[in-house]
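Engineer: I'd like to ask you about the structure that follows.
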Amino acid sequence: MQSTGIPLLKFFGHYRPEQISTSLCRDYAAARYRDGVGQGTVWTELGHLSTVLSSAKKRGLTHFKPEIWRPSKPAPKDRYFTKAEIARLLAVGGTPHHVKLAMLLMLSTAGRVGAILDLTWDRVDFDRNQINLKTDGAATRKGRAVVPMNDGLRAELLFARNATISEYVVEWAGKQVKSVRKGLETVGRVSGVEGVTAHVFRHTAAVHMAEAGISMSEISQYLGHSNSMITERVYARYSPTHLLKAAQVLDFTRIEKDHCDGEQ
């Protein structure tokens, strides 16, 4: 909300709720496209505007809540990193430690970048080998979960813990890192790997779990989804066993063989 609020307030801030129309929302979308922002981002931003206005009406701050037009929601992107691409990303020399640590955390926890950058050391439990991506008062917060540490991530976190000078796991000069976007862009350019964004790391983690045959229920818990049906809708197709039983039923080449064997 803090990041999407910046362009929203800049454009809509001087309007009253009753002045916000479909035409104005379309103008906002056009302006954001000229800024180089994608359709998915505009869809999210205008959705946040609608949420805030609905909340304002419930709280009595306004008596009118306009209908907020939004562009169509883009289809989910299929981009994910192969193991070879992950190796190239992690092998880039000169990558700042906080950027590399953020990449490892996103890959190993399947956490959203916001959860990773918010992570504090008090929620990294080396005794129980767990990482708690949730924050106080955010029990149902989107995409946040409690996940175990794998050996590789544990080693990196132990190293980082000894060198840290702040409460945040991903830090720079003793302060919380607000964004790793530019760092990821640099790593992508140097490694020659295309489409390096924070969301692709989360998607990559989920795809590799699915390809390894991890159950949709477990993947759902890792992703912090409220319902495993959400996970299955996106990731079941990556599982080697997905629809396999159904496919075997449709193997009609066996009918001819069985029929011939029966006649003999």
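Chains: A, B, ... in order of the structure tokens. Residues: from 1 per chain. Ligands: from 1, in order shown.
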Quick one: everything within 9 Å of segment 121-132 of chain A, counting only C-alpha atoms, minus sequence neighbours fewer than 6 positions away in the same chain. Send it as a PyMOL selection string.
Structural biologist: chain A and resi 109+144-150+154+157-158+161+166-169
Engineer: Within 12 Å of Val52 of chain A, counting only C-alpha atoms, which residues show up once you throw out same-chain ones fewer than 3 positions away? Write them as a PDB file with C-alpha atoms, in the first residue's frame, please.
Structural biologist:
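Below is the file that was written, result.pdb:
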```pdb
ATOM      1  CA  MET A   1       0.000   0.000   0.000  1.00  0.00           C
ATOM      2  CA  GLN A   2       2.872   2.367   0.770  1.00  0.00           C
ATOM      3  CA  THR A   4       1.207   1.900  -4.677  1.00  0.00           C
ATOM      4  CA  GLY A   5      -0.026   4.907  -2.715  1.00  0.00           C
ATOM      5  CA  LEU A   8      -2.212   6.961  -6.728  1.00  0.00           C
ATOM      6  CA  LEU A   9      -2.037  10.028  -4.477  1.00  0.00           C
ATOM      7  CA  PRO A  17     -14.515  10.344  -4.185  1.00  0.00           C
ATOM      8  CA  GLU A  45      -2.789  -0.145  -7.972  1.00  0.00           C
ATOM      9  CA  LEU A  46      -6.394   0.577  -8.913  1.00  0.00           C
ATOM     10  CA  GLY A  47      -7.472  -2.399  -6.820  1.00  0.00           C
ATOM     11  CA  HIS A  48      -5.746  -0.838  -3.831  1.00  0.00           C
ATOM     12  CA  LEU A  49      -7.524   2.444  -4.540  1.00  0.00           C
ATOM     13  CA  SER A  55     -12.520   1.140   3.983  1.00  0.00           C
ATOM     14  CA  ALA A  56     -13.002   4.912   4.150  1.00  0.00           C
ATOM     15  CA  LYS A  57     -16.743   4.519   3.603  1.00  0.00           C
ATOM     16  CA  LYS A  58     -17.030   1.851   6.314  1.00  0.00           C
ATOM     17  CA  ARG A  59     -15.214   4.131   8.743  1.00  0.00           C
ATOM     18  CA  LEU A  61     -14.711   9.139   6.292  1.00  0.00           C
ATOM     19  CA  THR A  62     -16.781   9.403   3.109  1.00  0.00           C
ATOM     20  CA  LYS A  65     -17.563   4.940  -2.790  1.00  0.00           C
ATOM     21  CA  PRO A  66     -17.129   5.095  -6.589  1.00  0.00           C
ATOM     22  CA  ILE A  68     -13.171   1.770  -9.756  1.00  0.00           C
TER      23      ILE A  68
END
```
Engineer: Nearest to Leu133 of chain A: which of A:Gly174, A:Gly224, A:Gly188, A:Gly13 is it, counting only C-alpha atoms?
Structural biologist: A:Gly224
Engineer: For segment 32-35 of chain A, list every protein, DNA or RNA residue within 10 Å, evaluated using only C-alpha atoms, and leave out those in the same chain fewer than 6 positions away; present the list as a list in words.
Structural biologist: Pro7, Leu8, Phe11, Arg26, Thr41 and Val42 of chain A
Engineer: Next, write the just-selected residues to a file, as an mmCIF file, in the first residue's frame, keeping C-alpha atoms as the atom set.
Structural biologist:
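Full text of result-v8.cif as output:
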```
data_model
loop_
_atom_site.group_PDB
_atom_site.id
_atom_site.type_symbol
_atom_site.label_atom_id
_atom_site.label_comp_id
_atom_site.auth_asym_id
_atom_site.auth_seq_id
_atom_site.Cartn_x
_atom_site.Cartn_y
_atom_site.Cartn_z
ATOM 1 C CA PRO A 7 1.445 7.216 -7.816
ATOM 2 C CA LEU A 8 -2.212 6.961 -6.728
ATOM 3 C CA PHE A 11 -2.834 11.402 -9.638
ATOM 4 C CA ARG A 26 -8.578 5.007 -17.700
ATOM 5 C CA THR A 41 0.831 -3.236 -11.809
ATOM 6 C CA VAL A 42 -1.968 -0.879 -12.870
#
```
Engineer: Please run DSSP on the backbone and report, as an MDAnalysis selection string, all residues within segment 31-163 of chain A that come out as strand (DSSP E or B).
Structural biologist: chainID A and resid 120 124:125 130:132 146:148
Engineer: Taking into account only C-alpha atoms, which residue in the set A:Ser215, A:Thr82, A:Ser23, A:Gln221 is nearest to His242 of chain A?
Structural biologist: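 Answer, going by the shortest atom-to-atom distance: A:Ser215.
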Engineer: So that I can see what lies close to Met229 of chain A, please list as a ChimeraX atom specification the residues with an atom at most 10 Å from it, counting only C-alpha atoms and leaving out residues fewer than 5 positions away in the same chain.
Structural biologist: /A:216-217,220,234-236
Engineer: So that I have them on file, write out the residues from the current selection with C-alpha atoms, as a short mmCIF file (atom, residue, chain, number, x, y, z; two decimals), in the first residue's frame.
Structural biologist:
```
data_model
loop_
_atom_site.label_atom_id
_atom_site.label_comp_id
_atom_site.auth_asym_id
_atom_site.auth_seq_id
_atom_site.Cartn_x
_atom_site.Cartn_y
_atom_site.Cartn_z
CA MET A 216 0.19 -29.38 -3.42
CA SER A 217 -0.68 -29.20 0.28
CA SER A 220 0.57 -24.34 -0.40
CA VAL A 234 -1.23 -22.63 -10.81
CA TYR A 235 1.32 -25.33 -10.04
CA ALA A 236 -0.29 -28.77 -10.42
#
```
Engineer: Separation of atom CA of Ala87 of chain A and atom CA of Thr120 of chain A, in Å?
Structural biologist: 26.7 Å
Engineer: Between A:Glu232, A:Glu85, A:Asp27, A:Glu18, which one has atoms that come closest to Phe64 of chain A, using only C-alpha atoms?
Structural biologist: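 The answer is A:Glu18, which sits nearest to Phe64 of chain A.
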Engineer: Mind listing the helix (DSSP H, G or I) residues of segment 2-249 of chain A, per DSSP on the backbone, as a PyMOL selection string?
Structural biologist: chain A and resi 2-12+17-19+22-34+39-58+83-90+97-109+113-118+121-123+151-163+181-191+198-211+216-223+228-238+244-249
Engineer: What would the file look like if the residues just selected were written as a short mmCIF file (atom, residue, chain, number, x, y, z; two decimals), in the first residue's frame with C-alpha atoms?
Structural biologist:
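Result file selection.cif:
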```
data_model
loop_
_atom_site.label_atom_id
_atom_site.label_comp_id
_atom_site.auth_asym_id
_atom_site.auth_seq_id
_atom_site.Cartn_x
_atom_site.Cartn_y
_atom_site.Cartn_z
CA GLN A 2 2.87 2.37 0.77
CA SER A 3 4.45 1.90 -2.66
CA THR A 4 1.21 1.90 -4.68
CA GLY A 5 -0.03 4.91 -2.72
CA ILE A 6 2.67 7.16 -4.17
CA PRO A 7 1.45 7.22 -7.82
CA LEU A 8 -2.21 6.96 -6.73
CA LEU A 9 -2.04 10.03 -4.48
CA LYS A 10 -0.07 11.95 -7.09
CA PHE A 11 -2.83 11.40 -9.64
CA PHE A 12 -6.03 11.14 -7.56
CA PRO A 17 -14.52 10.34 -4.19
CA GLU A 18 -17.58 11.39 -6.20
CA GLN A 19 -15.31 12.89 -8.87
CA THR A 22 -14.23 5.30 -15.20
CA SER A 23 -12.79 7.88 -17.58
CA LEU A 24 -10.44 9.17 -14.87
CA CYS A 25 -9.30 5.64 -14.02
CA ARG A 26 -8.58 5.01 -17.70
CA ASP A 27 -6.56 8.23 -17.81
CA TYR A 28 -4.58 7.00 -14.81
CA ALA A 29 -3.87 3.70 -16.55
CA ALA A 30 -2.70 5.51 -19.70
CA ALA A 31 -0.41 7.75 -17.64
CA ARG A 32 1.11 4.76 -15.86
CA TYR A 33 1.67 2.94 -19.15
CA ARG A 34 3.58 5.99 -20.37
CA GLN A 39 -0.87 -3.79 -16.97
CA GLY A 40 -0.56 -6.05 -13.95
CA THR A 41 0.83 -3.24 -11.81
CA VAL A 42 -1.97 -0.88 -12.87
CA TRP A 43 -4.52 -3.59 -12.07
CA THR A 44 -3.04 -3.89 -8.57
CA GLU A 45 -2.79 -0.14 -7.97
CA LEU A 46 -6.39 0.58 -8.91
CA GLY A 47 -7.47 -2.40 -6.82
CA HIS A 48 -5.75 -0.84 -3.83
CA LEU A 49 -7.52 2.44 -4.54
CA SER A 50 -10.86 0.62 -4.46
CA THR A 51 -9.93 -1.12 -1.20
CA VAL A 52 -8.95 2.12 0.50
CA LEU A 53 -12.14 3.90 -0.60
CA SER A 54 -14.29 1.00 0.63
CA SER A 55 -12.52 1.14 3.98
CA ALA A 56 -13.00 4.91 4.15
CA LYS A 57 -16.74 4.52 3.60
CA LYS A 58 -17.03 1.85 6.31
CA LYS A 83 18.65 -24.92 -12.13
CA ALA A 84 21.33 -23.83 -14.60
CA GLU A 85 20.03 -20.26 -14.53
CA ILE A 86 19.92 -20.26 -10.74
CA ALA A 87 23.55 -21.37 -10.67
CA ARG A 88 24.50 -18.53 -13.02
CA LEU A 89 22.64 -15.97 -10.91
CA LEU A 90 24.30 -17.08 -7.68
CA HIS A 97 25.97 -9.70 0.03
CA HIS A 98 22.51 -8.35 0.85
CA VAL A 99 21.35 -8.97 -2.75
CA LYS A 100 22.71 -12.52 -2.82
CA LEU A 101 21.18 -13.25 0.60
CA ALA A 102 17.82 -11.91 -0.56
CA MET A 103 17.95 -14.19 -3.62
CA LEU A 104 18.76 -17.24 -1.47
CA LEU A 105 15.98 -16.41 0.96
CA MET A 106 13.42 -16.01 -1.83
CA LEU A 107 14.49 -19.29 -3.43
CA SER A 108 14.69 -21.25 -0.17
CA THR A 109 11.55 -19.96 1.53
CA VAL A 113 10.18 -10.01 -1.48
CA GLY A 114 8.31 -7.82 1.01
CA ALA A 115 8.36 -10.61 3.59
CA ILE A 116 12.06 -11.21 2.97
CA LEU A 117 13.01 -7.55 3.38
CA ASP A 118 10.84 -7.30 6.53
CA TRP A 121 16.62 -11.93 13.31
CA ASP A 122 14.20 -12.61 16.15
CA ARG A 123 12.12 -14.62 13.68
CA ASP A 151 21.33 -26.62 5.07
CA GLY A 152 22.61 -24.19 2.46
CA LEU A 153 20.46 -21.31 3.67
CA ARG A 154 21.30 -22.06 7.30
CA ALA A 155 25.02 -21.73 6.57
CA GLU A 156 24.51 -18.41 4.79
CA LEU A 157 22.33 -17.06 7.59
CA LEU A 158 24.84 -18.06 10.26
CA PHE A 159 27.54 -16.17 8.36
CA ALA A 160 25.28 -13.14 7.96
CA ARG A 161 24.24 -13.23 11.62
CA ASN A 162 27.86 -12.89 12.74
CA ALA A 163 28.36 -9.85 10.52
CA ARG A 181 15.08 -4.35 -7.73
CA LYS A 182 18.18 -2.64 -9.13
CA GLY A 183 20.44 -5.28 -7.63
CA LEU A 184 18.42 -8.06 -9.27
CA GLU A 185 18.48 -6.23 -12.60
CA THR A 186 22.27 -6.00 -12.39
CA VAL A 187 22.65 -9.68 -11.54
CA GLY A 188 20.37 -10.59 -14.44
CA ARG A 189 22.32 -8.43 -16.89
CA VAL A 190 25.73 -9.74 -15.81
CA SER A 191 24.64 -13.39 -15.76
CA ALA A 198 11.55 -10.75 -7.31
CA HIS A 199 8.31 -12.53 -8.20
CA VAL A 200 10.10 -14.96 -10.51
CA PHE A 201 12.16 -16.22 -7.55
CA ARG A 202 8.99 -17.12 -5.62
CA HIS A 203 7.44 -18.71 -8.70
CA THR A 204 10.68 -20.62 -9.34
CA ALA A 205 10.69 -22.07 -5.84
CA ALA A 206 7.12 -23.31 -6.22
CA VAL A 207 7.72 -24.81 -9.67
CA HIS A 208 10.80 -26.74 -8.55
CA MET A 209 8.90 -28.15 -5.57
CA ALA A 210 6.10 -29.26 -7.88
CA GLU A 211 8.52 -30.81 -10.38
CA MET A 216 0.19 -29.38 -3.42
CA SER A 217 -0.68 -29.20 0.28
CA GLU A 218 2.97 -28.78 1.29
CA ILE A 219 3.65 -26.27 -1.47
CA SER A 220 0.57 -24.34 -0.40
CA GLN A 221 1.91 -24.11 3.16
CA TYR A 222 5.27 -22.90 1.88
CA LEU A 223 3.64 -20.19 -0.21
CA SER A 228 -4.44 -25.46 -1.55
CA MET A 229 -6.85 -25.12 -4.48
CA ILE A 230 -5.14 -21.81 -5.27
CA THR A 231 -1.79 -23.61 -5.39
CA GLU A 232 -3.11 -26.47 -7.48
CA ARG A 233 -4.65 -24.14 -10.05
CA VAL A 234 -1.23 -22.63 -10.81
CA TYR A 235 1.32 -25.33 -10.04
CA ALA A 236 -0.29 -28.77 -10.42
CA ARG A 237 0.62 -28.87 -14.12
CA TYR A 238 4.31 -28.83 -13.20
CA LEU A 244 -0.86 -39.25 -14.99
CA LYS A 245 -3.48 -41.75 -13.87
CA ALA A 246 -6.00 -40.17 -16.24
CA ALA A 247 -3.48 -40.32 -19.08
CA GLN A 248 -2.92 -44.04 -18.53
CA VAL A 249 -6.67 -44.64 -18.80
#
```
